[in-house]
$ cat coords-v1.cif   # mmCIF, N, CA and C atoms
data_input
#
loop_
_atom_site.group_PDB
_atom_site.id
_atom_site.type_symbol
_atom_site.label_atom_id
_atom_site.label_comp_id
_atom_site.auth_asym_id
_atom_site.auth_seq_id
_atom_site.Cartn_x
_atom_site.Cartn_y
_atom_site.Cartn_z
ATOM 1 N N MET A 1 0.846 -1.166 0.000
ATOM 2 C CA MET A 1 0.000 0.000 0.000
ATOM 3 C C MET A 1 0.898 1.237 0.000
ATOM 4 N N ASN A 2 0.561 2.186 -0.843
ATOM 5 C CA ASN A 2 1.352 3.418 -0.943
ATOM 6 C C ASN A 2 0.829 4.495 -0.009
ATOM 7 N N SER A 3 1.727 5.381 0.377
ATOM 8 C CA SER A 3 1.355 6.561 1.138
ATOM 9 C C SER A 3 0.631 7.528 0.214
ATOM 10 N N ILE A 4 -0.241 8.346 0.756
ATOM 11 C CA ILE A 4 -0.929 9.346 -0.052
ATOM 12 C C ILE A 4 0.057 10.348 -0.661
ATOM 13 N N ASN A 5 1.234 10.441 -0.081
ATOM 14 C CA ASN A 5 2.273 11.340 -0.591
ATOM 15 C C ASN A 5 3.090 10.718 -1.721
ATOM 16 N N ASP A 6 2.812 9.465 -2.060
ATOM 17 C CA ASP A 6 3.539 8.784 -3.118
ATOM 18 C C ASP A 6 3.339 9.491 -4.457
ATOM 19 N N GLU A 7 4.394 9.534 -5.275
ATOM 20 C CA GLU A 7 4.338 10.204 -6.574
ATOM 21 C C GLU A 7 3.245 9.664 -7.485
ATOM 22 N N SER A 8 2.886 8.394 -7.328
ATOM 23 C CA SER A 8 1.861 7.797 -8.194
ATOM 24 C C SER A 8 0.488 8.452 -8.023
ATOM 25 N N PHE A 9 0.263 9.164 -6.938
ATOM 26 C CA PHE A 9 -1.015 9.830 -6.703
ATOM 27 C C PHE A 9 -1.038 11.275 -7.186
ATOM 28 N N GLN A 10 0.100 11.822 -7.605
ATOM 29 C CA GLN A 10 0.174 13.228 -7.978
ATOM 30 C C GLN A 10 -0.738 13.596 -9.136
ATOM 31 N N THR A 11 -1.026 12.661 -10.017
ATOM 32 C CA THR A 11 -1.879 12.964 -11.161
ATOM 33 C C THR A 11 -3.344 13.160 -10.755
ATOM 34 N N PHE A 12 -3.708 12.768 -9.538
ATOM 35 C CA PHE A 12 -5.095 12.880 -9.089
ATOM 36 C C PHE A 12 -5.409 14.210 -8.420
ATOM 37 N N GLY A 13 -4.417 15.026 -8.140
ATOM 38 C CA GLY A 13 -4.670 16.319 -7.505
ATOM 39 C C GLY A 13 -3.653 16.632 -6.438
ATOM 40 N N ASN A 14 -3.982 17.608 -5.632
ATOM 41 C CA ASN A 14 -3.092 18.085 -4.584
ATOM 42 C C ASN A 14 -3.618 17.691 -3.210
ATOM 43 N N ILE A 15 -2.714 17.497 -2.296
ATOM 44 C CA ILE A 15 -3.078 17.250 -0.907
ATOM 45 C C ILE A 15 -3.229 18.614 -0.244
ATOM 46 N N ILE A 16 -4.356 18.817 0.381
ATOM 47 C CA ILE A 16 -4.602 20.074 1.084
ATOM 48 C C ILE A 16 -4.321 19.823 2.554
ATOM 49 N N ASP A 17 -3.324 20.486 3.062
ATOM 50 C CA ASP A 17 -2.907 20.292 4.446
ATOM 51 C C ASP A 17 -3.479 21.417 5.304
ATOM 52 N N GLU A 18 -4.763 21.325 5.565
ATOM 53 C CA GLU A 18 -5.454 22.346 6.354
ATOM 54 C C GLU A 18 -6.119 21.667 7.543
ATOM 55 N N ASP A 19 -5.946 22.225 8.717
ATOM 56 C CA ASP A 19 -6.557 21.679 9.926
ATOM 57 C C ASP A 19 -8.037 22.033 9.937
ATOM 58 N N ILE A 20 -8.899 21.035 9.816
ATOM 59 C CA ILE A 20 -10.346 21.267 9.835
ATOM 60 C C ILE A 20 -10.981 20.665 11.095
ATOM 61 N N SER A 21 -10.200 20.558 12.151
ATOM 62 C CA SER A 21 -10.723 19.984 13.389
ATOM 63 C C SER A 21 -11.875 20.818 13.950
ATOM 64 N N ASP A 22 -11.871 22.132 13.696
ATOM 65 C CA ASP A 22 -12.969 22.975 14.158
ATOM 66 C C ASP A 22 -14.273 22.609 13.442
ATOM 67 N N VAL A 23 -14.176 22.294 12.168
ATOM 68 C CA VAL A 23 -15.355 21.894 11.389
ATOM 69 C C VAL A 23 -15.853 20.530 11.863
ATOM 70 N N ILE A 24 -14.941 19.611 12.065
ATOM 71 C CA ILE A 24 -15.309 18.270 12.528
ATOM 72 C C ILE A 24 -16.000 18.351 13.888
ATOM 73 N N ALA A 25 -15.481 19.171 14.786
ATOM 74 C CA ALA A 25 -16.096 19.331 16.110
ATOM 75 C C ALA A 25 -17.492 19.925 15.992
ATOM 76 N N TYR A 26 -17.667 20.913 15.125
ATOM 77 C CA TYR A 26 -18.991 21.509 14.928
ATOM 78 C C TYR A 26 -19.987 20.473 14.410
ATOM 79 N N VAL A 27 -19.596 19.733 13.389
ATOM 80 C CA VAL A 27 -20.491 18.740 12.790
ATOM 81 C C VAL A 27 -20.826 17.647 13.808
ATOM 82 N N ALA A 28 -19.840 17.182 14.543
ATOM 83 C CA ALA A 28 -20.084 16.125 15.534
ATOM 84 C C ALA A 28 -21.064 16.576 16.613
ATOM 85 N N THR A 29 -21.072 17.860 16.927
ATOM 86 C CA THR A 29 -21.952 18.390 17.963
ATOM 87 C C THR A 29 -23.325 18.787 17.434
ATOM 88 N N ASN A 30 -23.384 19.270 16.189
ATOM 89 C CA ASN A 30 -24.606 19.901 15.691
ATOM 90 C C ASN A 30 -25.352 19.174 14.576
ATOM 91 N N VAL A 31 -24.737 18.219 13.944
ATOM 92 C CA VAL A 31 -25.402 17.476 12.874
ATOM 93 C C VAL A 31 -25.621 16.051 13.365
ATOM 94 N N HIS A 32 -26.874 15.712 13.612
ATOM 95 C CA HIS A 32 -27.191 14.423 14.215
ATOM 96 C C HIS A 32 -27.711 13.452 13.152
ATOM 97 N N PRO A 33 -27.228 12.219 13.179
ATOM 98 C CA PRO A 33 -27.687 11.236 12.188
ATOM 99 C C PRO A 33 -29.144 10.873 12.419
ATOM 100 N N PRO A 34 -29.844 10.508 11.359
ATOM 101 C CA PRO A 34 -31.224 10.055 11.518
ATOM 102 C C PRO A 34 -31.261 8.718 12.252
ATOM 103 N N LYS A 35 -32.426 8.354 12.754
ATOM 104 C CA LYS A 35 -32.549 7.079 13.479
ATOM 105 C C LYS A 35 -32.286 5.884 12.574
ATOM 106 N N LEU A 36 -32.671 6.001 11.306
ATOM 107 C CA LEU A 36 -32.424 4.946 10.320
ATOM 108 C C LEU A 36 -31.805 5.554 9.069
ATOM 109 N N GLY A 37 -30.898 4.829 8.464
ATOM 110 C CA GLY A 37 -30.335 5.268 7.194
ATOM 111 C C GLY A 37 -29.339 6.399 7.317
ATOM 112 N N ASN A 38 -29.258 7.166 6.240
ATOM 113 C CA ASN A 38 -28.307 8.265 6.159
ATOM 114 C C ASN A 38 -29.029 9.540 5.756
ATOM 115 N N ARG A 39 -28.399 10.669 5.984
ATOM 116 C CA ARG A 39 -28.953 11.955 5.590
ATOM 117 C C ARG A 39 -27.858 12.758 4.914
ATOM 118 N N TYR A 40 -28.193 13.382 3.803
ATOM 119 C CA TYR A 40 -27.259 14.196 3.037
ATOM 120 C C TYR A 40 -27.705 15.644 3.089
ATOM 121 N N TYR A 41 -26.834 16.511 3.541
ATOM 122 C CA TYR A 41 -27.071 17.951 3.558
ATOM 123 C C TYR A 41 -26.140 18.556 2.511
ATOM 124 N N SER A 42 -26.691 19.046 1.420
ATOM 125 C CA SER A 42 -25.839 19.555 0.337
ATOM 126 C C SER A 42 -25.127 20.846 0.710
ATOM 127 N N SER A 43 -25.693 21.596 1.632
ATOM 128 C CA SER A 43 -25.092 22.848 2.052
ATOM 129 C C SER A 43 -25.394 23.072 3.522
ATOM 130 N N VAL A 44 -24.349 23.311 4.306
ATOM 131 C CA VAL A 44 -24.502 23.634 5.726
ATOM 132 C C VAL A 44 -23.856 25.004 5.925
ATOM 133 N N PRO A 45 -24.656 26.078 5.913
ATOM 134 C CA PRO A 45 -24.102 27.432 5.963
ATOM 135 C C PRO A 45 -23.124 27.683 7.108
ATOM 136 N N ALA A 46 -23.386 27.124 8.277
ATOM 137 C CA ALA A 46 -22.467 27.317 9.403
ATOM 138 C C ALA A 46 -21.092 26.722 9.102
ATOM 139 N N VAL A 47 -21.061 25.582 8.436
ATOM 140 C CA VAL A 47 -19.790 24.945 8.069
ATOM 141 C C VAL A 47 -19.069 25.777 7.004
ATOM 142 N N GLU A 48 -19.830 26.311 6.077
ATOM 143 C CA GLU A 48 -19.249 27.100 4.989
ATOM 144 C C GLU A 48 -18.560 28.362 5.482
ATOM 145 N N GLN A 49 -18.924 28.832 6.673
ATOM 146 C CA GLN A 49 -18.358 30.065 7.207
ATOM 147 C C GLN A 49 -17.057 29.879 7.982
ATOM 148 N N PHE A 50 -16.681 28.646 8.292
ATOM 149 C CA PHE A 50 -15.431 28.419 9.018
ATOM 150 C C PHE A 50 -14.245 28.904 8.194
ATOM 151 N N SER A 51 -13.299 29.548 8.847
ATOM 152 C CA SER A 51 -12.138 30.076 8.119
ATOM 153 C C SER A 51 -11.329 28.964 7.467
ATOM 154 N N SER A 52 -11.289 27.780 8.074
ATOM 155 C CA SER A 52 -10.535 26.676 7.473
ATOM 156 C C SER A 52 -11.166 26.246 6.151
ATOM 157 N N VAL A 53 -12.488 26.261 6.062
ATOM 158 C CA VAL A 53 -13.180 25.922 4.817
ATOM 159 C C VAL A 53 -12.945 27.018 3.793
ATOM 160 N N GLN A 54 -13.061 28.263 4.225
ATOM 161 C CA GLN A 54 -12.842 29.395 3.321
ATOM 162 C C GLN A 54 -11.412 29.394 2.768
ATOM 163 N N LYS A 55 -10.456 29.074 3.611
ATOM 164 C CA LYS A 55 -9.045 29.080 3.200
ATOM 165 C C LYS A 55 -8.762 28.014 2.141
ATOM 166 N N VAL A 56 -9.386 26.839 2.286
ATOM 167 C CA VAL A 56 -9.167 25.743 1.330
ATOM 168 C C VAL A 56 -9.516 26.195 -0.087
ATOM 169 N N TYR A 57 -10.573 26.979 -0.208
ATOM 170 C CA TYR A 57 -11.034 27.401 -1.529
ATOM 171 C C TYR A 57 -10.650 28.840 -1.861
ATOM 172 N N GLY A 58 -9.622 29.358 -1.210
ATOM 173 C CA GLY A 58 -9.129 30.681 -1.552
ATOM 174 C C GLY A 58 -10.151 31.772 -1.311
ATOM 175 N N TYR A 59 -11.015 31.584 -0.339
ATOM 176 C CA TYR A 59 -12.023 32.572 0.067
ATOM 177 C C TYR A 59 -13.043 32.862 -1.025
ATOM 178 N N MET A 60 -13.231 31.903 -1.954
ATOM 179 C CA MET A 60 -14.299 32.015 -2.940
ATOM 180 C C MET A 60 -15.580 31.475 -2.307
ATOM 181 N N GLU A 61 -16.709 31.759 -2.925
ATOM 182 C CA GLU A 61 -17.971 31.216 -2.429
ATOM 183 C C GLU A 61 -17.934 29.700 -2.569
ATOM 184 N N VAL A 62 -18.375 29.001 -1.531
ATOM 185 C CA VAL A 62 -18.266 27.550 -1.512
ATOM 186 C C VAL A 62 -19.510 26.948 -0.864
ATOM 187 N N MET A 63 -19.873 25.762 -1.301
ATOM 188 C CA MET A 63 -20.901 24.971 -0.627
ATOM 189 C C MET A 63 -20.201 23.798 0.050
ATOM 190 N N ALA A 64 -20.431 23.633 1.330
ATOM 191 C CA ALA A 64 -19.854 22.510 2.072
ATOM 192 C C ALA A 64 -20.993 21.638 2.552
ATOM 193 N N GLY A 65 -20.979 20.379 2.180
ATOM 194 C CA GLY A 65 -22.046 19.460 2.537
ATOM 195 C C GLY A 65 -21.609 18.457 3.577
ATOM 196 N N VAL A 66 -22.586 17.808 4.168
ATOM 197 C CA VAL A 66 -22.329 16.816 5.211
ATOM 198 C C VAL A 66 -23.203 15.593 4.940
ATOM 199 N N ILE A 67 -22.633 14.434 5.127
ATOM 200 C CA ILE A 67 -23.391 13.184 5.104
ATOM 201 C C ILE A 67 -23.342 12.633 6.523
ATOM 202 N N SER A 68 -24.496 12.314 7.074
ATOM 203 C CA SER A 68 -24.504 11.705 8.399
ATOM 204 C C SER A 68 -25.380 10.464 8.366
ATOM 205 N N GLY A 69 -25.018 9.522 9.181
ATOM 206 C CA GLY A 69 -25.786 8.289 9.228
ATOM 207 C C GLY A 69 -25.083 7.250 10.062
ATOM 208 N N HIS A 70 -25.639 6.068 10.078
ATOM 209 C CA HIS A 70 -25.112 5.033 10.946
ATOM 210 C C HIS A 70 -23.964 4.252 10.327
ATOM 211 N N ILE A 71 -23.871 4.262 9.015
ATOM 212 C CA ILE A 71 -22.758 3.578 8.369
ATOM 213 C C ILE A 71 -21.595 4.528 8.156
ATOM 214 N N MET A 72 -21.905 5.719 7.660
ATOM 215 C CA MET A 72 -20.857 6.677 7.336
ATOM 216 C C MET A 72 -20.499 7.589 8.492
ATOM 217 N N CYS A 73 -21.305 7.617 9.534
ATOM 218 C CA CYS A 73 -21.144 8.520 10.670
ATOM 219 C C CYS A 73 -21.043 9.947 10.173
ATOM 220 N N PHE A 74 -19.980 10.646 10.518
ATOM 221 C CA PHE A 74 -19.839 12.035 10.104
ATOM 222 C C PHE A 74 -18.724 12.124 9.076
ATOM 223 N N MET A 75 -19.107 12.434 7.878
ATOM 224 C CA MET A 75 -18.132 12.549 6.800
ATOM 225 C C MET A 75 -18.336 13.900 6.151
ATOM 226 N N ILE A 76 -17.331 14.719 6.201
ATOM 227 C CA ILE A 76 -17.433 16.051 5.625
ATOM 228 C C ILE A 76 -16.750 16.037 4.274
ATOM 229 N N PHE A 77 -17.373 16.622 3.317
ATOM 230 C CA PHE A 77 -16.717 16.756 2.028
ATOM 231 C C PHE A 77 -17.142 18.057 1.403
ATOM 232 N N TRP A 78 -16.341 18.513 0.503
ATOM 233 C CA TRP A 78 -16.599 19.788 -0.164
ATOM 234 C C TRP A 78 -17.305 19.460 -1.463
ATOM 235 N N LEU A 79 -18.551 19.833 -1.535
ATOM 236 C CA LEU A 79 -19.403 19.434 -2.646
ATOM 237 C C LEU A 79 -19.117 20.211 -3.921
ATOM 238 N N LEU A 80 -19.030 21.487 -3.823
ATOM 239 C CA LEU A 80 -19.061 22.271 -5.036
ATOM 240 C C LEU A 80 -18.482 23.651 -4.774
ATOM 241 N N VAL A 81 -17.707 24.133 -5.692
ATOM 242 C CA VAL A 81 -17.215 25.508 -5.615
ATOM 243 C C VAL A 81 -17.965 26.301 -6.672
ATOM 244 N N ILE A 82 -18.562 27.374 -6.261
ATOM 245 C CA ILE A 82 -19.308 28.204 -7.208
ATOM 246 C C ILE A 82 -18.552 29.503 -7.396
ATOM 247 N N PHE A 83 -18.197 29.765 -8.621
ATOM 248 C CA PHE A 83 -17.527 31.013 -8.945
ATOM 249 C C PHE A 83 -18.583 32.071 -9.253
ATOM 250 N N MET A 84 -18.540 33.160 -8.561
ATOM 251 C CA MET A 84 -19.493 34.255 -8.804
ATOM 252 C C MET A 84 -18.772 35.437 -9.407
#

$ encode --input "coords-v1.cif" --output "structure tokens"
Amino acid sequence: MNSINDESFQTFGNIIDEDISDVIAYVATNVHPPKLGNRYYSSVPAVEQFSSVQKVYGYMEVMAGVISGHIMCFMIFWLLVIFM
């Protein structure tokens, strides 16, 4: 198994080394999984306002979504960057 820093992965993009622990803590406290299944939030405005999220996208307008549920638990991903 290769490290994510291995040269073979360079063609897939860049590694963003940004501490998003503040976002993870917010989501873990404020986004609760449904009793059954999973829930997808395409945009969570409070998450989008964190400076760590803003910094990742160069302070452009961004949508940050959250998936919560019993299988995936709390998984944060950046859904879409909208250029205005």

$ atom_distance --input "coords-v1.cif" --atom1 "atom C of Tyr41 (chain A)" --atom2 "atom N of Gly69 (chain A)"
11.3 Å

$ residues_around --input "coords-v1.cif" --residues "Asp19 (chain A)" --least-positions-apart "4" --cutoff "8 Å" --atoms "all atoms listed in the file" --output "PyMOL selection string"
chain A and resi 23-24+52-53

$ axis_aligned_box --input "coords-v1.cif" --around "region 38-46 of chain A" --padding-each-side "4 Å" --output "lines of an AutoDock Vina configuration file"
center_x = -25.2
center_y = 17.4
center_z = 4.9
size_x = 16.2
size_y = 28.5
size_z = 17.1

$ residues_around --input "coords-v1.cif" --residues "Arg39 (chain A)" --least-positions-apart "2" --cutoff "6.5 Å" --atoms "only N, CA and C atoms" --output "list in words"
Pro33, Pro34, Gly37, Tyr41, Val66, Ile67, Ser68 and Gly69 of chain A

$ atom_distance --input "coords-v1.cif" --atom1 "CA of Pro45 (chain A)" --atom2 "CA of Glu18 (chain A)"
19.3 Å

$ select_by_dssp --input "coords-v1.cif" --residues "chain A" --states "helix (DSSP H, G or I)" --output "PDB file with N, CA and C atoms, in the frame of the given file"
ATOM      1  N   GLU A   7       4.394   9.534  -5.275  1.00  0.00           N
ATOM      2  CA  GLU A   7       4.338  10.204  -6.574  1.00  0.00           C
ATOM      3  C   GLU A   7       3.245   9.664  -7.485  1.00  0.00           C
ATOM      4  N   SER A   8       2.886   8.394  -7.328  1.00  0.00           N
ATOM      5  CA  SER A   8       1.861   7.797  -8.194  1.00  0.00           C
ATOM      6  C   SER A   8       0.488   8.452  -8.023  1.00  0.00           C
ATOM      7  N   PHE A   9       0.263   9.164  -6.938  1.00  0.00           N
ATOM      8  CA  PHE A   9      -1.015   9.830  -6.703  1.00  0.00           C
ATOM      9  C   PHE A   9      -1.038  11.275  -7.186  1.00  0.00           C
ATOM     10  N   GLN A  10       0.100  11.822  -7.605  1.00  0.00           N
ATOM     11  CA  GLN A  10       0.174  13.228  -7.978  1.00  0.00           C
ATOM     12  C   GLN A  10      -0.738  13.596  -9.136  1.00  0.00           C
ATOM     13  N   THR A  11      -1.026  12.661 -10.017  1.00  0.00           N
ATOM     14  CA  THR A  11      -1.879  12.964 -11.161  1.00  0.00           C
ATOM     15  C   THR A  11      -3.344  13.160 -10.755  1.00  0.00           C
ATOM     16  N   PHE A  12      -3.708  12.768  -9.538  1.00  0.00           N
ATOM     17  CA  PHE A  12      -5.095  12.880  -9.089  1.00  0.00           C
ATOM     18  C   PHE A  12      -5.409  14.210  -8.420  1.00  0.00           C
ATOM     19  N   SER A  21     -10.200  20.558  12.151  1.00  0.00           N
ATOM     20  CA  SER A  21     -10.723  19.984  13.389  1.00  0.00           C
ATOM     21  C   SER A  21     -11.875  20.818  13.950  1.00  0.00           C
ATOM     22  N   ASP A  22     -11.871  22.132  13.696  1.00  0.00           N
ATOM     23  CA  ASP A  22     -12.969  22.975  14.158  1.00  0.00           C
ATOM     24  C   ASP A  22     -14.273  22.609  13.442  1.00  0.00           C
ATOM     25  N   VAL A  23     -14.176  22.294  12.168  1.00  0.00           N
ATOM     26  CA  VAL A  23     -15.355  21.894  11.389  1.00  0.00           C
ATOM     27  C   VAL A  23     -15.853  20.530  11.863  1.00  0.00           C
ATOM     28  N   ILE A  24     -14.941  19.611  12.065  1.00  0.00           N
ATOM     29  CA  ILE A  24     -15.309  18.270  12.528  1.00  0.00           C
ATOM     30  C   ILE A  24     -16.000  18.351  13.888  1.00  0.00           C
ATOM     31  N   ALA A  25     -15.481  19.171  14.786  1.00  0.00           N
ATOM     32  CA  ALA A  25     -16.096  19.331  16.110  1.00  0.00           C
ATOM     33  C   ALA A  25     -17.492  19.925  15.992  1.00  0.00           C
ATOM     34  N   TYR A  26     -17.667  20.913  15.125  1.00  0.00           N
ATOM     35  CA  TYR A  26     -18.991  21.509  14.928  1.00  0.00           C
ATOM     36  C   TYR A  26     -19.987  20.473  14.410  1.00  0.00           C
ATOM     37  N   VAL A  27     -19.596  19.733  13.389  1.00  0.00           N
ATOM     38  CA  VAL A  27     -20.491  18.740  12.790  1.00  0.00           C
ATOM     39  C   VAL A  27     -20.826  17.647  13.808  1.00  0.00           C
ATOM     40  N   ALA A  28     -19.840  17.182  14.543  1.00  0.00           N
ATOM     41  CA  ALA A  28     -20.084  16.125  15.534  1.00  0.00           C
ATOM     42  C   ALA A  28     -21.064  16.576  16.613  1.00  0.00           C
ATOM     43  N   THR A  29     -21.072  17.860  16.927  1.00  0.00           N
ATOM     44  CA  THR A  29     -21.952  18.390  17.963  1.00  0.00           C
ATOM     45  C   THR A  29     -23.325  18.787  17.434  1.00  0.00           C
ATOM     46  N   ASN A  30     -23.384  19.270  16.189  1.00  0.00           N
ATOM     47  CA  ASN A  30     -24.606  19.901  15.691  1.00  0.00           C
ATOM     48  C   ASN A  30     -25.352  19.174  14.576  1.00  0.00           C
ATOM     49  N   PRO A  45     -24.656  26.078   5.913  1.00  0.00           N
ATOM     50  CA  PRO A  45     -24.102  27.432   5.963  1.00  0.00           C
ATOM     51  C   PRO A  45     -23.124  27.683   7.108  1.00  0.00           C
ATOM     52  N   ALA A  46     -23.386  27.124   8.277  1.00  0.00           N
ATOM     53  CA  ALA A  46     -22.467  27.317   9.403  1.00  0.00           C
ATOM     54  C   ALA A  46     -21.092  26.722   9.102  1.00  0.00           C
ATOM     55  N   VAL A  47     -21.061  25.582   8.436  1.00  0.00           N
ATOM     56  CA  VAL A  47     -19.790  24.945   8.069  1.00  0.00           C
ATOM     57  C   VAL A  47     -19.069  25.777   7.004  1.00  0.00           C
ATOM     58  N   GLU A  48     -19.830  26.311   6.077  1.00  0.00           N
ATOM     59  CA  GLU A  48     -19.249  27.100   4.989  1.00  0.00           C
ATOM     60  C   GLU A  48     -18.560  28.362   5.482  1.00  0.00           C
ATOM     61  N   SER A  51     -13.299  29.548   8.847  1.00  0.00           N
ATOM     62  CA  SER A  51     -12.138  30.076   8.119  1.00  0.00           C
ATOM     63  C   SER A  51     -11.329  28.964   7.467  1.00  0.00           C
ATOM     64  N   SER A  52     -11.289  27.780   8.074  1.00  0.00           N
ATOM     65  CA  SER A  52     -10.535  26.676   7.473  1.00  0.00           C
ATOM     66  C   SER A  52     -11.166  26.246   6.151  1.00  0.00           C
ATOM     67  N   VAL A  53     -12.488  26.261   6.062  1.00  0.00           N
ATOM     68  CA  VAL A  53     -13.180  25.922   4.817  1.00  0.00           C
ATOM     69  C   VAL A  53     -12.945  27.018   3.793  1.00  0.00           C
ATOM     70  N   GLN A  54     -13.061  28.263   4.225  1.00  0.00           N
ATOM     71  CA  GLN A  54     -12.842  29.395   3.321  1.00  0.00           C
ATOM     72  C   GLN A  54     -11.412  29.394   2.768  1.00  0.00           C
ATOM     73  N   LYS A  55     -10.456  29.074   3.611  1.00  0.00           N
ATOM     74  CA  LYS A  55      -9.045  29.080   3.200  1.00  0.00           C
ATOM     75  C   LYS A  55      -8.762  28.014   2.141  1.00  0.00           C
ATOM     76  N   VAL A  56      -9.386  26.839   2.286  1.00  0.00           N
ATOM     77  CA  VAL A  56      -9.167  25.743   1.330  1.00  0.00           C
ATOM     78  C   VAL A  56      -9.516  26.195  -0.087  1.00  0.00           C
TER      79      VAL A  56
END

$ closest_residue --input "coords-v1.cif" --among "A:Tyr57, A:Ala25, A:Ala64, A:Ile4" --to "Ser43 (chain A)" --atoms "all atoms listed in the file"
A:Ala64

$ atom_distance --input "coords-v1.cif" --atom1 "atom N of Val62 (chain A)" --atom2 "CA of Gln49 (chain A)"
8.8 Å

$ closest_residue --input "coords-v1.cif" --among "A:Met63, A:Asn14, A:Ala46, A:Ser8" --to "Val31 (chain A)" --atoms "only C-alpha atoms"
A:Ala46

$ select_by_dssp --input "coords-v1.cif" --residues "chain A" --states "strand (DSSP E)" --output "number ranges by chain"
A: 38-41, 62-69, 73-81
